[in-house]
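Written below as structure tokens is the structure these notes are about.
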Amino acid sequence: MNATPVVQHHLAQNASGNIKELSTSAIYNLLSPCIVPAHSPRARFSNWSRTFHCSPLIVFEPSNLEQCRLIFQLAQREHRTVRIVGEGLSPSDLACTSDFMLRTTRMNKLRVVDPEKQFVVCDGGIRLEDLERELATHQLALRNLGSISMQAMGGVITTATHGTGIEFKVLGDDVLSLSLLLADGTLVYCSRYENEDLFKATLCGMGSTGLVVSVQIRVEPAFRLRESQETRPFDEILDNLDDIVHQAQHVRLWWYPQNKSVRVCSADRTVEPERPESSSKSSITTFLTHHLVELFLFLARFWPLLAYYIARYVAWMESAPKVVVGESGSILRADCRFAQHTTEWAIPYEHAKACLLHLREWLETEPYSPNGTYPNFPIELRFSAPDDIWLSPAFGRRTCWIGIIQFKPYGLPVRYQELFRRFEVIMTSFEGRPHWAKPHHLGPSQLHKLYPHFDDFVRVVERVDPMGMLRNENVRRHIFGERGPATDPRVFKLHKAPYNPALSP
């Protein structure tokens, strides 16, 4: 399908005069409507799970392209970096900065809808849940979704956000074209047919190639999904994994190692009428598996063994077979329960069985090892088709995504670092690639081996942003290999440990 060029009428305004001729004070005056006051809570940033925090020098909330150009010009003059941030869902420090922060929350419109050609054009700052609602009024929907829809579109496509379905690629693969504001203030258009290298670098570019101003993305007629859920023994899942993964269009597995069971969620498109879960049953379940569980998780901070029994309790509470029919988004999204630390890795699908066996052996001994931790629940498994996006963890291979979590009851700190590090060692032994929005410890030497186009990506970034204006601490650490206290993984933690070179990539 040839990409229709991004509709440009809403981007056609040119800068009033030559920005470079404006004085710095004039730029500040022009930007005053979009500068968040220093006394405002919005002048400080915390990600959704409140695992990373920062106090940027200035937070900007522009509402149009020209304000973004002014911000970039100001950053160049003052030798500042600019971190582009949507909704701040990344559970790592990917959105954090000590310099300028550009929040895209006010650039959030659906601009063009073309039901006949099945595409829409939207701002990069639009939240997925808002886009979903607007698409529904046109009887349209996105083809696939991740677990949550609070993210901004720009964040979704620049971190290779994925859903599940062995025949479905990451969400960014549905992007037909982009308009991108480069560090020098140039607005460029890219697609698979124009500026292809910039296009493939931007899709999963962590915001380091430019500001995603608008996105042309493929949609389809709105559809319903019929999801069946059942709990099966882990060994049975392992013996029949390939059949299970292919038994429906969208298959997600929730593994409860403590209970030796797996919750299988399988969803297919259907014309059946909606069949939602009973509201009374849902409210009771919410109390028993949310509020009560969060209290138990809080107590497990003092009696760690309790975490094992909490997991068994939740697995039992959710073990009954269930069938639900609903609009696509309501089925594809998942409940993340509470604030959490999380990490996720993408391994070749062909390694999934061997990897799961290795994980089971590790999890059976982890709580009893030195500095061991009782892992939380569940371990999530999702699946996706190979794509050609340069830094997508699913580049060139069918993929099994495996994610683990440690909940933060009532937002309180919990142990997780050693658990995640040991998990990471196992994942890398199976050719695992990290989810870019989530914490990991890989640097350019390891990433170069995992991604055939890693060097191509770096070359594009250096070409479009030679001064590194769009590279925050996370990008400098993982992509460019910078080491030291300024880029240490814990630089944006509230409870900081001393700088440890061993924790840097």
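Following the order of the structure tokens, first chain is A, next is B, and so on, with residues numbered from 1 inside each chain and ligands from 1 in the order they appear.
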Subject >> Nearby residues (only C-alpha atoms) at most 10 Å from Leu241 in chain A, same-chain spacing under 6 positions excluded, as a ChimeraX atom specification >> reply: /A:234-235,247,352-353
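If you count only C-alpha atoms and ignore residues fewer than 3 places along the chain from Arg143 in chain A, what sits within 8 Å of it is A:Arg218, A:Val219, A:Glu220.
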**OP:** From the DSSP assignment of the backbone, select every residue of range 42-202 of chain A that is strand (DSSP E), and format the answer as a ChimeraX atom specification.
**Re:** /A:45-46,53-54,58-60,82-85,100-103,110-114,119-123,140-141,175-181,187-191
For the selection just defined, write its residues with C-alpha atoms to a file, as a JSON list (two decimals), in the first residue's frame.
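Generated output (again-v5.json):
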```json
[["chain", "number", "residue", "atom", "x", "y", "z"],
["A", 45, "PHE", "CA", 8.28, 15.29, 36.19],
["A", 46, "SER", "CA", 7.58, 11.78, 37.45],
["A", 53, "HIS", "CA", 11.79, 11.79, 38.70],
["A", 54, "CYS", "CA", 13.41, 14.95, 37.41],
["A", 58, "ILE", "CA", 12.33, 24.59, 31.94],
["A", 59, "VAL", "CA", 9.22, 22.65, 30.98],
["A", 60, "PHE", "CA", 7.55, 23.80, 27.76],
["A", 82, "VAL", "CA", 15.57, 19.12, 24.69],
["A", 83, "ARG", "CA", 13.75, 16.02, 25.89],
["A", 84, "ILE", "CA", 10.50, 15.38, 24.06],
["A", 85, "VAL", "CA", 7.93, 13.80, 26.37],
["A", 100, "PHE", "CA", 14.69, 21.53, 28.66],
["A", 101, "MET", "CA", 11.60, 19.32, 28.53],
["A", 102, "LEU", "CA", 9.06, 19.65, 25.72],
["A", 103, "ARG", "CA", 5.68, 18.14, 26.65],
["A", 110, "LEU", "CA", -7.01, 14.23, 15.03],
["A", 111, "ARG", "CA", -6.54, 16.15, 11.79],
["A", 112, "VAL", "CA", -7.66, 13.97, 8.88],
["A", 113, "VAL", "CA", -9.90, 10.92, 8.60],
["A", 114, "ASP", "CA", -10.08, 8.94, 5.36],
["A", 119, "PHE", "CA", -5.85, 6.03, 7.27],
["A", 120, "VAL", "CA", -5.95, 8.98, 9.62],
["A", 121, "VAL", "CA", -3.55, 11.84, 10.36],
["A", 122, "CYS", "CA", -3.09, 12.88, 13.97],
["A", 123, "ASP", "CA", -0.74, 15.00, 16.05],
["A", 140, "LEU", "CA", -12.85, 3.01, 12.74],
["A", 141, "ALA", "CA", -10.19, 1.46, 14.99],
["A", 175, "VAL", "CA", 2.60, 4.17, 10.38],
["A", 176, "LEU", "CA", 2.50, 5.25, 6.74],
["A", 177, "SER", "CA", 4.35, 8.54, 7.02],
["A", 178, "LEU", "CA", 5.53, 11.15, 9.50],
["A", 179, "SER", "CA", 6.23, 14.85, 9.69],
["A", 180, "LEU", "CA", 9.29, 15.47, 11.81],
["A", 181, "LEU", "CA", 10.77, 18.67, 13.21],
["A", 187, "LEU", "CA", 10.18, 20.27, 9.01],
["A", 188, "VAL", "CA", 10.65, 17.10, 6.97],
["A", 189, "TYR", "CA", 8.33, 14.36, 5.74],
["A", 190, "CYS", "CA", 9.38, 10.76, 5.71],
["A", 191, "SER", "CA", 7.91, 7.39, 4.81]]
```
Subject >> Who sits within 9 Å of range 471-485 of chain A, only C-alpha atoms, same chain under 4 positions skipped, as number ranges by chain >> reply: A: 81-83, 92-99, 206-209, 440-445, 447, 454, 458, 465, 489-491, 498-501, 504-505
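Atom pair CA of Ala437 in chain A / CA of Pro91 in chain A has a distance of 6.6 Å (rounded to one decimal).
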Subject >> Distance query Val314 in chain A at most 8 Å, only C-alpha atoms, self and fewer than 3 positions along chain excluded, as a list in words >> reply: Thr289, Val293, Ile310, Ala311, Met317 and Glu318 of chain A
Generate a file of the selected residues that holds all heavy atoms, formatted as an mmCIF file, in the first residue's frame.
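So selection.cif came out as:
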```cif
data_model
loop_
_atom_site.group_PDB
_atom_site.id
_atom_site.type_symbol
_atom_site.label_atom_id
_atom_site.label_comp_id
_atom_site.auth_asym_id
_atom_site.auth_seq_id
_atom_site.Cartn_x
_atom_site.Cartn_y
_atom_site.Cartn_z
ATOM 1 N N THR A 289 -8.946 -8.531 44.215
ATOM 2 C CA THR A 289 -7.667 -8.697 43.495
ATOM 3 C C THR A 289 -6.905 -7.382 43.352
ATOM 4 O O THR A 289 -5.816 -7.380 42.791
ATOM 5 C CB THR A 289 -7.899 -9.298 42.095
ATOM 6 O OG1 THR A 289 -8.707 -8.403 41.326
ATOM 7 C CG2 THR A 289 -8.550 -10.656 42.180
ATOM 8 N N VAL A 293 -5.190 -7.110 47.651
ATOM 9 C CA VAL A 293 -3.859 -7.547 47.223
ATOM 10 C C VAL A 293 -2.819 -6.460 47.486
ATOM 11 O O VAL A 293 -1.696 -6.759 47.918
ATOM 12 C CB VAL A 293 -3.874 -7.942 45.737
ATOM 13 C CG1 VAL A 293 -2.466 -8.085 45.189
ATOM 14 C CG2 VAL A 293 -4.643 -9.242 45.546
ATOM 15 N N ILE A 310 0.557 -14.522 48.095
ATOM 16 C CA ILE A 310 -0.293 -13.554 47.386
ATOM 17 C C ILE A 310 -0.450 -13.975 45.931
ATOM 18 O O ILE A 310 -1.555 -13.929 45.369
ATOM 19 C CB ILE A 310 0.313 -12.137 47.470
ATOM 20 C CG1 ILE A 310 0.397 -11.669 48.912
ATOM 21 C CG2 ILE A 310 -0.513 -11.155 46.649
ATOM 22 C CD1 ILE A 310 1.223 -10.402 49.087
ATOM 23 N N ALA A 311 0.653 -14.379 45.315
ATOM 24 C CA ALA A 311 0.596 -14.805 43.920
ATOM 25 C C ALA A 311 -0.321 -16.016 43.753
ATOM 26 O O ALA A 311 -1.104 -16.083 42.801
ATOM 27 C CB ALA A 311 1.999 -15.122 43.412
ATOM 28 N N MET A 317 -7.893 -16.797 42.365
ATOM 29 C CA MET A 317 -9.036 -15.902 42.168
ATOM 30 C C MET A 317 -9.371 -15.729 40.691
ATOM 31 O O MET A 317 -10.539 -15.519 40.334
ATOM 32 C CB MET A 317 -8.726 -14.522 42.774
ATOM 33 C CG MET A 317 -8.900 -14.438 44.274
ATOM 34 S SD MET A 317 -10.628 -14.634 44.780
ATOM 35 C CE MET A 317 -11.408 -13.290 43.890
ATOM 36 N N GLU A 318 -8.377 -15.816 39.833
ATOM 37 C CA GLU A 318 -8.598 -15.551 38.409
ATOM 38 C C GLU A 318 -8.577 -16.831 37.577
ATOM 39 O O GLU A 318 -8.362 -16.785 36.365
ATOM 40 C CB GLU A 318 -7.532 -14.570 37.907
ATOM 41 C CG GLU A 318 -7.593 -13.218 38.608
ATOM 42 C CD GLU A 318 -6.603 -12.205 38.061
ATOM 43 O OE1 GLU A 318 -5.685 -12.612 37.320
ATOM 44 O OE2 GLU A 318 -6.753 -10.999 38.378
#
```
Original post:
Any idea what's packed within 9 Å of Gln406 in chain A, counting only C-alpha atoms, ignoring anything in its chain fewer than 4 positions away? Could you give it as a ChimeraX atom specification?
Top reply: /A:339-342,375-377,414-416
Original post:
When DSSP works through the backbone of this structure, what residues of range 147-212 of chain A end up as alpha helix (DSSP H), shown as a PyMOL selection string?
Top reply: chain A and resi 153-158+196-202
Put those residues in a file: N, CA, C and O atoms, as a compact mmCIF listing (two decimals), in the first residue's frame.
```
# COMPACT_ATOMS: atom_id res chain seq x y z
N MET A 153 0.85 9.22 21.01
CA MET A 153 1.19 8.53 19.77
C MET A 153 2.68 8.58 19.48
O MET A 153 3.29 7.58 19.07
N GLY A 154 3.30 9.75 19.69
CA GLY A 154 4.73 9.87 19.43
C GLY A 154 5.55 8.90 20.26
O GLY A 154 6.51 8.30 19.76
N GLY A 155 5.18 8.72 21.53
CA GLY A 155 5.88 7.77 22.37
C GLY A 155 5.67 6.34 21.96
O GLY A 155 6.58 5.51 22.03
N VAL A 156 4.46 6.04 21.51
CA VAL A 156 4.14 4.68 21.07
C VAL A 156 5.04 4.25 19.91
O VAL A 156 5.64 3.17 19.92
N ILE A 157 5.15 5.13 18.92
CA ILE A 157 5.87 4.71 17.72
C ILE A 157 7.38 4.84 17.86
O ILE A 157 8.12 4.16 17.13
N THR A 158 7.87 5.66 18.78
CA THR A 158 9.32 5.82 18.91
C THR A 158 9.94 4.89 19.94
O THR A 158 11.14 4.95 20.19
N GLU A 196 13.59 7.37 3.57
CA GLU A 196 13.32 6.08 4.20
C GLU A 196 14.23 5.82 5.40
O GLU A 196 13.80 5.27 6.42
N ASP A 197 15.51 6.22 5.30
CA ASP A 197 16.40 5.96 6.43
C ASP A 197 15.97 6.74 7.67
O ASP A 197 15.99 6.21 8.79
N LEU A 198 15.53 7.98 7.49
CA LEU A 198 15.04 8.77 8.62
C LEU A 198 13.76 8.18 9.18
O LEU A 198 13.55 8.16 10.40
N PHE A 199 12.91 7.68 8.30
CA PHE A 199 11.65 7.06 8.72
C PHE A 199 11.93 5.84 9.61
O PHE A 199 11.38 5.71 10.71
N LYS A 200 12.80 4.95 9.15
CA LYS A 200 13.06 3.72 9.91
C LYS A 200 13.88 3.99 11.17
O LYS A 200 13.84 3.20 12.11
N ALA A 201 14.61 5.10 11.18
CA ALA A 201 15.33 5.46 12.40
C ALA A 201 14.39 6.10 13.42
O ALA A 201 14.57 5.92 14.64
N THR A 202 13.40 6.83 12.96
CA THR A 202 12.47 7.52 13.86
C THR A 202 11.51 6.54 14.52
O THR A 202 11.18 6.67 15.71
```
**OP:** For Ala43 in chain A, list every protein, DNA or RNA residue within 8 Å, evaluated using only C-alpha atoms, and leave out those in the same chain fewer than 4 positions away; present the list as a ChimeraX atom specification.
**Re:** /A:36-39,55-56,58-59
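Proximity of A:His79, A:His351, A:Lys438, A:Arg224 to Gly468 in chain A, computed with only C-alpha atoms, is greatest for A:His79.
Compared by their closest atoms to Leu22 in chain A, and using only C-alpha atoms, the residues A:Gln73, A:Gln249, A:Arg421, A:Ala136 rank with A:Gln73 nearest.
Excluding range 61-64 of chain A and any residue on its chain fewer than 4 positions from it, the residues at most 10 Å away by only C-alpha atoms are A:His10, A:Leu11, A:Gln13, A:Leu31, A:Ser32, A:Pro33, A:Cys34, A:Ile35, A:Val36, A:Arg42, A:Cys68, A:Arg69, A:Leu70, A:Ile71, A:Val85, A:Met101, A:Leu102, A:Arg103, A:Thr104, A:Thr105, A:Arg106, A:Met107, A:Asn108, A:Gly125, A:Val213.
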Would you write out those residues with N, CA, C and O atoms, as a compact mmCIF listing (two decimals), in the first residue's frame?
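Below you can see part16.txt, which holds the result:
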```txt
# COMPACT_ATOMS: atom_id res chain seq x y z
N HIS A 10 -2.35 21.73 8.10
CA HIS A 10 -2.22 22.24 9.47
C HIS A 10 -0.77 22.51 9.82
O HIS A 10 -0.48 22.96 10.93
N LEU A 11 0.16 22.23 8.92
CA LEU A 11 1.58 22.46 9.18
C LEU A 11 2.13 23.53 8.26
O LEU A 11 3.32 23.78 8.23
N GLN A 13 1.88 26.72 8.21
CA GLN A 13 2.30 28.03 8.69
C GLN A 13 3.82 28.09 8.75
O GLN A 13 4.46 27.20 9.30
N LEU A 31 7.70 32.63 23.88
CA LEU A 31 7.44 31.31 24.46
C LEU A 31 6.74 31.38 25.82
O LEU A 31 6.33 30.34 26.35
N SER A 32 6.58 32.57 26.37
CA SER A 32 6.03 32.68 27.72
C SER A 32 4.68 31.97 27.88
O SER A 32 4.41 31.39 28.96
N PRO A 33 3.79 31.97 26.86
CA PRO A 33 2.51 31.27 27.06
C PRO A 33 2.66 29.76 27.24
O PRO A 33 1.74 29.13 27.76
N CYS A 34 3.78 29.20 26.80
CA CYS A 34 3.91 27.74 26.90
C CYS A 34 4.98 27.30 27.90
O CYS A 34 5.31 26.12 27.97
N ILE A 35 5.51 28.24 28.68
CA ILE A 35 6.46 27.89 29.74
C ILE A 35 5.68 27.58 31.02
O ILE A 35 4.90 28.41 31.49
N VAL A 36 5.89 26.41 31.57
CA VAL A 36 5.22 26.03 32.81
C VAL A 36 5.88 26.79 33.96
O VAL A 36 7.11 26.74 34.12
N ARG A 42 3.57 20.88 37.59
CA ARG A 42 3.92 20.37 36.25
C ARG A 42 5.35 20.74 35.86
O ARG A 42 5.85 20.25 34.84
N CYS A 68 7.40 25.18 18.88
CA CYS A 68 8.41 24.12 18.93
C CYS A 68 9.70 24.58 18.25
O CYS A 68 10.81 24.31 18.76
N ARG A 69 9.57 25.28 17.14
CA ARG A 69 10.76 25.81 16.47
C ARG A 69 11.51 26.79 17.37
O ARG A 69 12.74 26.79 17.44
N LEU A 70 10.76 27.63 18.07
CA LEU A 70 11.38 28.59 18.98
C LEU A 70 12.11 27.87 20.12
O LEU A 70 13.20 28.28 20.52
N ILE A 71 11.52 26.82 20.64
CA ILE A 71 12.16 26.05 21.71
C ILE A 71 13.48 25.46 21.22
O ILE A 71 14.51 25.52 21.91
N VAL A 85 8.65 14.70 25.48
CA VAL A 85 7.93 13.80 26.37
C VAL A 85 6.44 13.88 26.07
O VAL A 85 5.89 14.97 25.87
N MET A 101 12.57 20.36 28.82
CA MET A 101 11.60 19.32 28.53
C MET A 101 10.48 19.91 27.69
O MET A 101 9.92 20.95 28.03
N LEU A 102 10.15 19.23 26.60
CA LEU A 102 9.06 19.65 25.72
C LEU A 102 7.95 18.63 25.84
O LEU A 102 8.07 17.49 25.38
N ARG A 103 6.84 19.02 26.50
CA ARG A 103 5.68 18.14 26.65
C ARG A 103 4.75 18.35 25.47
O ARG A 103 4.40 19.49 25.12
N THR A 104 4.32 17.26 24.84
CA THR A 104 3.50 17.35 23.63
C THR A 104 2.00 17.28 23.91
O THR A 104 1.20 17.12 22.99
N THR A 105 1.61 17.43 25.18
CA THR A 105 0.22 17.18 25.57
C THR A 105 -0.78 18.13 24.91
O THR A 105 -1.97 17.80 24.79
N ARG A 106 -0.35 19.31 24.47
CA ARG A 106 -1.28 20.26 23.85
C ARG A 106 -1.29 20.15 22.33
O ARG A 106 -2.05 20.86 21.66
N MET A 107 -0.49 19.28 21.78
CA MET A 107 -0.50 19.02 20.34
C MET A 107 -1.16 17.67 20.15
O MET A 107 -0.50 16.63 19.96
N ASN A 108 -2.48 17.67 20.23
CA ASN A 108 -3.22 16.43 20.48
C ASN A 108 -4.48 16.27 19.64
O ASN A 108 -5.49 15.77 20.13
N GLY A 125 1.22 14.24 19.69
CA GLY A 125 0.94 14.30 21.12
C GLY A 125 -0.40 13.74 21.52
O GLY A 125 -0.72 13.73 22.72
N VAL A 213 5.72 15.53 14.72
CA VAL A 213 4.66 16.54 14.69
C VAL A 213 3.33 15.91 14.30
O VAL A 213 2.29 16.16 14.93
```
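Here CA of Ser149 in chain A stands at a distance of 19.6 Å from CA of Ser392 in chain A.
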Each residue of range 350-370 of chain A lying at most 12 Å from range 429-433 of chain A should get a row with its shortest atom-to-atom pair and the distance in Å to one decimal, counting only C-alpha atoms; could you produce that, ordered by chain and increasing number, as CSV?
```
residue,atom,partner,partner_atom,distance
A:Glu350,CA,A:Phe430,CA,9.9
A:His351,CA,A:Phe430,CA,6.7
A:Ala352,CA,A:Phe430,CA,8.7
A:Lys353,CA,A:Phe430,CA,10.8
A:Ala354,CA,A:Phe430,CA,8.7
A:Cys355,CA,A:Phe430,CA,6.8
A:Leu356,CA,A:Phe430,CA,10.4
A:Leu357,CA,A:Phe430,CA,11.9
A:His358,CA,A:Phe430,CA,10.0
A:Leu359,CA,A:Phe430,CA,11.1
```
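Taking CA of Pro257 in chain A and CA of Glu380 in chain A as the two end points, the separation is 11.1 Å.
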